[in-house]
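**Student:** Shown below is the structure under consideration.
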Amino acid sequence: MNTNLIIKPDKAVEAFYLFFIVHTLQIGAGLMGVPRIIFTESEADSWIAILLAGIYLHFVAWIMILILRKYDNADIIGIQCDVFGRWLGAVLGMVYVLYLFSILLSVIKNYIEVVQVFIFPEIPLWLMSSFLLSLMIYAVLGGFRVVVGTSFIFFLLTIWMVFTLAQPISYMDWDHFTPVFHTGFLDLMKGAYKTAYSVLGLEILFFVYPYIKNKQKISLPVHAGLALTTFLILLVTVVSIGYFSPEQLKETVWATLSLFKIISYPVVERFDFIAIALWMMVIIPNIVLFCWALIQSLNRLFQLPEKPSLYGVALLLFLASILIEYRVHIDKLTDWTSTLGFWLVFIYPVILYPLVLIRKRFRKENSI
Amino acid sequence: MEHSTLPLQLDNYLNTLKQQFNESPDLVQKVFHIKGQEVVIHFISYQIKKDRLERELLESLTKSDKPWSVHDLQNKIPLASSQTVSSMDQIAEHIIHGNVVVYLPGEKEAVAFLLPQQQTRALDRAETESLVFGPQLAFTESLVTNLNVIRWRLDTDDLVVEKLIVGDRIKSEVRVVYLKSLANEENVDTMRQRISDLKVSEVEDTSVLGQLIEDSSSSIFPQLINTELPDRFCNSISKGRIGVLVDKSPTALIGPMTLFSFFESTEDLYMRWNMGTFIRLLRFIAMALSIILTPMYVAALTYHYEIIPTSLLVSLGQSRAMVPFPPVLEALLLEMLIELLREAGARLPTKVGQTMGIVGGIVLGQAAVKAGFTSNILIIIIALSALASFTAPSYLMGTAIRIIRFPMIILAGAWGLIGITFALSFILIHLLKQKSLGRPYLAPIYPFQWKDINDSLIRLPFQKNDTRPLNVMPEDTSRYDQLKAAEKKDVDPS
């Protein structure tokens, strides 16, 4: 396998779009329920935990960019094969494939469950999952440019929902944040660790890097995207903590969506219905980008042709999403995915970087 | 045909030609005897100007003092467009196109003189794309007249008009029009290639040609603009786009286009920028309303009555209390009614049409509510969205928007807001995949082009709007270099 990819110029996109790629991939199913998860660990100091997670996020992104810059035009599959050799590289590639598949599945399952709980208890599982999967197939068939376009357009169409939070903000009780710095360091770290599922998606950088035209300029959009993600999670969590009482928040599974419940306008009484339906537009860039990365990896690892593998993956996702029925299993899947994602996305690059450096030095000495 | 090439003797020649025209009674064959020489003239009586034939051709032909030769025919007769033809097929073709063919039996070539008479209507006001403000002229069915108008509007030698012939059985003349120094060469090549690669037996109209050469003919959205306005056509050409004219068609084709250009009207340019921007934004809002309003009504009433404000819910409930149908059926019924009115209005003779529209609209609407068929509020919503769909300056786009509504209403009836979001997402991804002459259809939103927003989503003053649309990739992008400099030379420099 070639470590570097050769990309036709008409398939590549500007670095500017990395902001949207990274950001839309991070914001998805996780954001719906993140306040409770962090709050159960870090209580009133959750905001510190999120900030810590955000700083670490930037650190990982920095490391990832350093790794990618060591190569001309490589993706993670190629880099792993270069560093670990053909066989071990392929095995690690399979880990990525597995991870991408399980995150796809968990995103789809979580959204379907939200729809069933909030607006449509009677909507069949297979229908919702075929809605999402058909959109995914349709977008991925359009190639990389359409995939990026999906994340860009859907970001523009959904980001305004942030401003509707103005109403819950006006009902906030600031006493919920005191006492400050009361939480122990360990609990803060736990809270930061629990943020992981909501901020997964950074790893897409490892896959799209070869497709970026002006590679010198990737730092700014990537970090800006991460900053916006951190800000949104911070905002949602802070508003939830201020709005709900601590006991209530611990009981509210999808706190973000529950916030939307009290938002009402002269023309719309209950905004949460519209918000949850529109959340589909937040989910679609997620599944489209993850699916593209998955198909891409399969193609790189096993030279699988893209169309059949796309249909195959969609079919597997469809079957899996029907078979997993209960909340307990979805939770288990989400937990498992976020653990795997934590190690793969937030720890692994830090280990990989020195290995890449050693490998490169070793190569150089060999060649001299 | 064995006798298809010249030279032929007189009788043989006349017979062959008669057969070629299926013994047509309109083919005039006349043999003159001038100075002992036989000269054959033929034409189709209604295809040529008779007075010019007599005055300019026959007079000089009969007044000659020595026998004619092919060379003399070409040089001594005071008609500018003469051509020599050498096969019977060519002769027939020239006769059809309004030539008078003169043949001296025994010669290798005949001479064709162009004296055409075309029945065309005069230039008229635009009907389907009428403007309130600005040039009112519309294209006609005659290619020559249309080219004449274009040459007059764009009087520069930079204008290139390429001639292509399309159609195997019935040939149509197609002209590709662009500015040489502006139009992107790849675009021109694409357009030319697609037209000349066509293997069809005939092309009925510009819009048919448009559908044949579009990037995706299965899409509901048109990818090339069909316009009947010369000012819109020339405006697009001067921005580096490429136009196509087809003979016998009163519309022209322009490409590459974006989705947003279907909501632009040249009127926006003629108005002041703030009004232009307002009206342009109004059209986008109208499009969004037109697509979303009825499905939202259906979704809200079928599943999510919680999203309707309490005060509205009461009056809505009252007006719907009598209605026996589910909201989907109610909405589909009324939408069909509006579409029927529109279609009937388009087909009916003008004099009856208006009356029928009013009677149909008002009487049917009133009666439908009185009879408990539909609710008042739905009538308002449907009328509003139908009205909104007619704001699109392009008729094809307006129709596309109206048709999109039907599947959306059905989806909304089946799965509420989820159905609507699914449909909207599908439309967006579909639009992302579209291309026009290989250029992205959703530009300048995606790929994002900040400079193009100036004159697509909104219209800024001309000083700010100093580049041509970049997604067309014009060879020269800058438009008003001197505008700012000119300001400094004003009379009152304070």
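So you can find residues: chains in the structure tokens are A, B, ... in the order shown, residues in each start at 1, and ligands are numbered from 1 in order.
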Quick one: residues within 10 Å of range 477-479 of chain B, only C-alpha atoms counted, chain neighbours fewer than 5 positions away excluded, as a PyMOL selection string?
**Tutor:** chain B and resi 182+239-240+462-463+465-470+472
**Student:** Would you output that residue set with C-alpha atoms, as a short mmCIF file (atom, residue, chain, number, x, y, z; two decimals), in the first residue's frame?
**Tutor:**
data_model
loop_
_atom_site.label_atom_id
_atom_site.label_comp_id
_atom_site.auth_asym_id
_atom_site.auth_seq_id
_atom_site.Cartn_x
_atom_site.Cartn_y
_atom_site.Cartn_z
CA LEU B 182 -14.48 36.73 -21.01
CA LYS B 239 -20.60 38.34 -17.17
CA GLY B 240 -18.80 35.53 -18.96
CA PHE B 462 -22.16 48.59 -8.01
CA GLN B 463 -19.06 50.05 -6.37
CA ASN B 465 -19.87 44.63 -6.58
CA ASP B 466 -16.82 44.92 -8.77
CA THR B 467 -16.22 41.34 -9.88
CA ARG B 468 -17.93 39.04 -12.31
CA PRO B 469 -19.37 35.83 -10.84
CA LEU B 470 -16.31 33.76 -9.99
CA VAL B 472 -18.38 30.95 -13.96
#
**Student:** With a cut-off of 9 Å, could you pull out the residues of chain B touching chain A and give me the nearest pair of atoms for each, distance in Å to one decimal, using only C-alpha atoms, ordered by chain and ascending number, as a tab-separated table?
**Tutor:**
residue	atom	partner	partner_atom	distance
B:Tyr303	CA	A:Phe120	CA	8.6
B:His304	CA	A:Phe273	CA	7.7
B:Glu306	CA	A:Arg270	CA	6.2
B:Ile307	CA	A:Glu269	CA	4.6
B:Ile308	CA	A:Glu269	CA	5.5
B:Pro309	CA	A:Glu269	CA	4.7
B:Thr310	CA	A:Glu269	CA	7.4
B:Leu312	CA	A:Val267	CA	8.8
B:Trp415	CA	A:Ile123	CA	7.8
B:Gly416	CA	A:Phe120	CA	8.9
B:Leu417	CA	A:Ala277	CA	5.9
B:Ile418	CA	A:Ala277	CA	5.3
B:Gly419	CA	A:Ala277	CA	8.7
B:Ile420	CA	A:Ala277	CA	8.4
B:Thr421	CA	A:Ala277	CA	6.3
B:Phe422	CA	A:Phe131	CA	6.9
B:Ser425	CA	A:Met281	CA	6.9
B:Phe426	CA	A:Leu135	CA	6.4
B:Leu428	CA	A:Thr150	CA	8.0
B:Ile429	CA	A:Ala139	CA	6.1
B:His430	CA	A:Ala139	CA	8.0
B:Leu432	CA	A:Val146	CA	6.0
B:Lys433	CA	A:Gly142	CA	6.1
B:Ile445	CA	A:Ile153	CA	7.8
B:Tyr446	CA	A:Gly149	CA	6.2
B:Pro447	CA	A:Gly149	CA	7.5
**Student:** For Leu8 in chain B, list every protein, DNA or RNA residue within 7 Å, evaluated using only C-alpha atoms, and leave out those in the same chain fewer than 5 positions away; present the list as an MDAnalysis selection string.
**Tutor:** chainID B and resid 13 105:106
**Student:** Need the shell around range 332-341 of chain A: protein/DNA/RNA residues with any atom at most 8 Å away, counting only C-alpha atoms. Skip same-chain ones fewer than 3 positions apart. Format as number ranges by chain?
**Tutor:** A: 99, 102-103, 106, 196-197, 200, 328-329, 344-346
**Student:** When DSSP is applied to the backbone of this structure, which of range 174-260 of chain B are assigned strand (DSSP E or B)? Write them out as an MDAnalysis selection string.
**Tutor:** chainID B and resid 174:179 225:227 242:246 252:255
**Student:** Considering only C-alpha atoms, return as a list in words whatever protein or nucleic-acid residues lie within 12 Å of Val97 in chain A, sequence-local ones (same chain, fewer than 4 positions apart) excluded.
**Tutor:**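 Once the adjacent positions are removed, what remains is Ile76, Ile77, Ala90, Val91, Leu92, Gly93, Phe101, Ser102, Ile103, Leu104, Phe207, Phe290, Cys291, Trp292, Ala293, Leu294, Ile295, Gln296, Ser297, Leu298, Asn299, Arg300, Leu301, Phe302, Val313, Leu340, Gly341 and Leu344 of chain A.
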**Student:** Okay, now the selection with C-alpha atoms, as a PDB file, in the first residue's frame?
**Tutor:**
ATOM      1  CA  ILE A  76      -3.834   7.446   9.121  1.00  0.00           C
ATOM      2  CA  ILE A  77      -4.123   4.096   7.357  1.00  0.00           C
ATOM      3  CA  ALA A  90      -3.609  -3.337   8.810  1.00  0.00           C
ATOM      4  CA  VAL A  91      -4.727  -4.609  12.213  1.00  0.00           C
ATOM      5  CA  LEU A  92      -4.691  -1.074  13.615  1.00  0.00           C
ATOM      6  CA  GLY A  93      -6.560   0.056  10.518  1.00  0.00           C
ATOM      7  CA  PHE A 101     -18.696   1.521  12.464  1.00  0.00           C
ATOM      8  CA  SER A 102     -19.632   1.507  16.130  1.00  0.00           C
ATOM      9  CA  ILE A 103     -19.726   5.303  16.342  1.00  0.00           C
ATOM     10  CA  LEU A 104     -21.949   5.422  13.260  1.00  0.00           C
ATOM     11  CA  PHE A 207      -8.617  10.902   6.989  1.00  0.00           C
ATOM     12  CA  PHE A 290     -17.977   8.962   9.366  1.00  0.00           C
ATOM     13  CA  CYS A 291     -19.338   6.744   6.621  1.00  0.00           C
ATOM     14  CA  TRP A 292     -17.093   8.379   4.058  1.00  0.00           C
ATOM     15  CA  ALA A 293     -14.077   7.793   6.322  1.00  0.00           C
ATOM     16  CA  LEU A 294     -15.160   4.188   6.802  1.00  0.00           C
ATOM     17  CA  ILE A 295     -15.527   3.519   3.087  1.00  0.00           C
ATOM     18  CA  GLN A 296     -12.246   5.275   2.471  1.00  0.00           C
ATOM     19  CA  SER A 297     -10.465   3.097   5.051  1.00  0.00           C
ATOM     20  CA  LEU A 298     -11.934  -0.096   3.648  1.00  0.00           C
ATOM     21  CA  ASN A 299     -10.806   0.973   0.214  1.00  0.00           C
ATOM     22  CA  ARG A 300      -7.290   1.723   1.444  1.00  0.00           C
ATOM     23  CA  LEU A 301      -6.949  -1.440   3.525  1.00  0.00           C
ATOM     24  CA  PHE A 302      -8.481  -4.043   1.249  1.00  0.00           C
ATOM     25  CA  VAL A 313     -21.915  -1.002   5.323  1.00  0.00           C
ATOM     26  CA  LEU A 340     -12.641   3.020  22.405  1.00  0.00           C
ATOM     27  CA  GLY A 341     -12.855   6.525  20.974  1.00  0.00           C
ATOM     28  CA  LEU A 344      -8.036   5.900  19.838  1.00  0.00           C
TER      29      LEU A 344
END
**Student:** Using only C-alpha atoms, which residues sit within 6 Å of range 168-176 of chain B once same-chain residues fewer than 6 positions away are excluded, as a list of chain:residue names?
**Tutor:** B:Val161, B:Glu162, B:Ser201, B:Glu202, B:Gly243, B:Val244, B:Leu245, B:Val246, B:Asp247
**Student:** Excluding Ser82 in chain B and residues on its chain fewer than 5 positions from it, collect all residues at most 12 Å away from it, counting only C-alpha atoms, and give them as a CSV table (one decimal) with N, CA and C atoms, in the first residue's frame.
**Tutor:**
chain,number,residue,atom,x,y,z
B,57,LEU,N,-33.4,39.9,-60.0
B,57,LEU,CA,-32.8,38.8,-60.7
B,57,LEU,C,-33.2,38.7,-62.1
B,70,VAL,N,-21.6,30.3,-65.7
B,70,VAL,CA,-21.7,30.2,-64.3
B,70,VAL,C,-21.0,31.4,-63.6
B,71,HIS,N,-19.8,31.7,-64.2
B,71,HIS,CA,-19.0,32.8,-63.7
B,71,HIS,C,-19.8,34.1,-63.8
B,72,ASP,N,-20.4,34.3,-64.9
B,72,ASP,CA,-21.1,35.6,-65.1
B,72,ASP,C,-22.3,35.7,-64.2
B,73,LEU,N,-23.0,34.6,-64.0
B,73,LEU,CA,-24.1,34.6,-63.1
B,73,LEU,C,-23.7,35.1,-61.7
B,74,GLN,N,-22.6,34.6,-61.3
B,74,GLN,CA,-22.1,35.0,-59.9
B,74,GLN,C,-21.7,36.5,-59.9
B,75,ASN,N,-21.1,37.0,-60.9
B,75,ASN,CA,-20.5,38.3,-60.9
B,75,ASN,C,-21.4,39.4,-61.4
B,76,LYS,N,-22.2,39.1,-62.4
B,76,LYS,CA,-22.9,40.2,-63.0
B,76,LYS,C,-24.3,40.5,-62.5
B,77,ILE,N,-24.8,39.6,-61.7
B,77,ILE,CA,-26.2,39.8,-61.1
B,77,ILE,C,-26.1,40.5,-59.8
B,94,HIS,N,-31.1,24.2,-50.8
B,94,HIS,CA,-31.1,25.6,-51.0
B,94,HIS,C,-32.5,26.2,-51.3
B,99,ASN,N,-33.9,30.0,-51.5
B,99,ASN,CA,-33.0,30.4,-52.6
B,99,ASN,C,-33.8,30.3,-53.9
B,100,VAL,N,-33.3,31.1,-54.8
B,100,VAL,CA,-33.7,30.9,-56.2
B,100,VAL,C,-32.5,30.3,-56.9
B,101,VAL,N,-32.7,29.1,-57.5
B,101,VAL,CA,-31.6,28.4,-58.1
B,101,VAL,C,-31.6,28.6,-59.6
B,102,VAL,N,-30.5,29.0,-60.2
B,102,VAL,CA,-30.5,29.2,-61.6
B,102,VAL,C,-29.5,28.2,-62.2
B,110,ALA,N,-24.8,24.8,-60.5
B,110,ALA,CA,-25.9,25.7,-60.5
B,110,ALA,C,-25.6,26.9,-59.6
B,111,VAL,N,-26.3,28.0,-59.7
B,111,VAL,CA,-26.0,29.1,-58.8
B,111,VAL,C,-27.3,29.4,-58.0
B,112,ALA,N,-27.1,29.5,-56.7
B,112,ALA,CA,-28.3,29.8,-55.8
B,112,ALA,C,-28.2,31.2,-55.3
B,113,PHE,N,-29.3,31.9,-55.4
B,113,PHE,CA,-29.4,33.3,-54.9
B,113,PHE,C,-30.4,33.3,-53.7
B,114,LEU,N,-29.9,33.9,-52.6
B,114,LEU,CA,-30.8,33.9,-51.4
B,114,LEU,C,-31.7,35.1,-51.5
B,115,LEU,N,-33.0,34.8,-51.6
B,115,LEU,CA,-34.0,35.8,-51.6
B,115,LEU,C,-35.1,35.4,-50.6
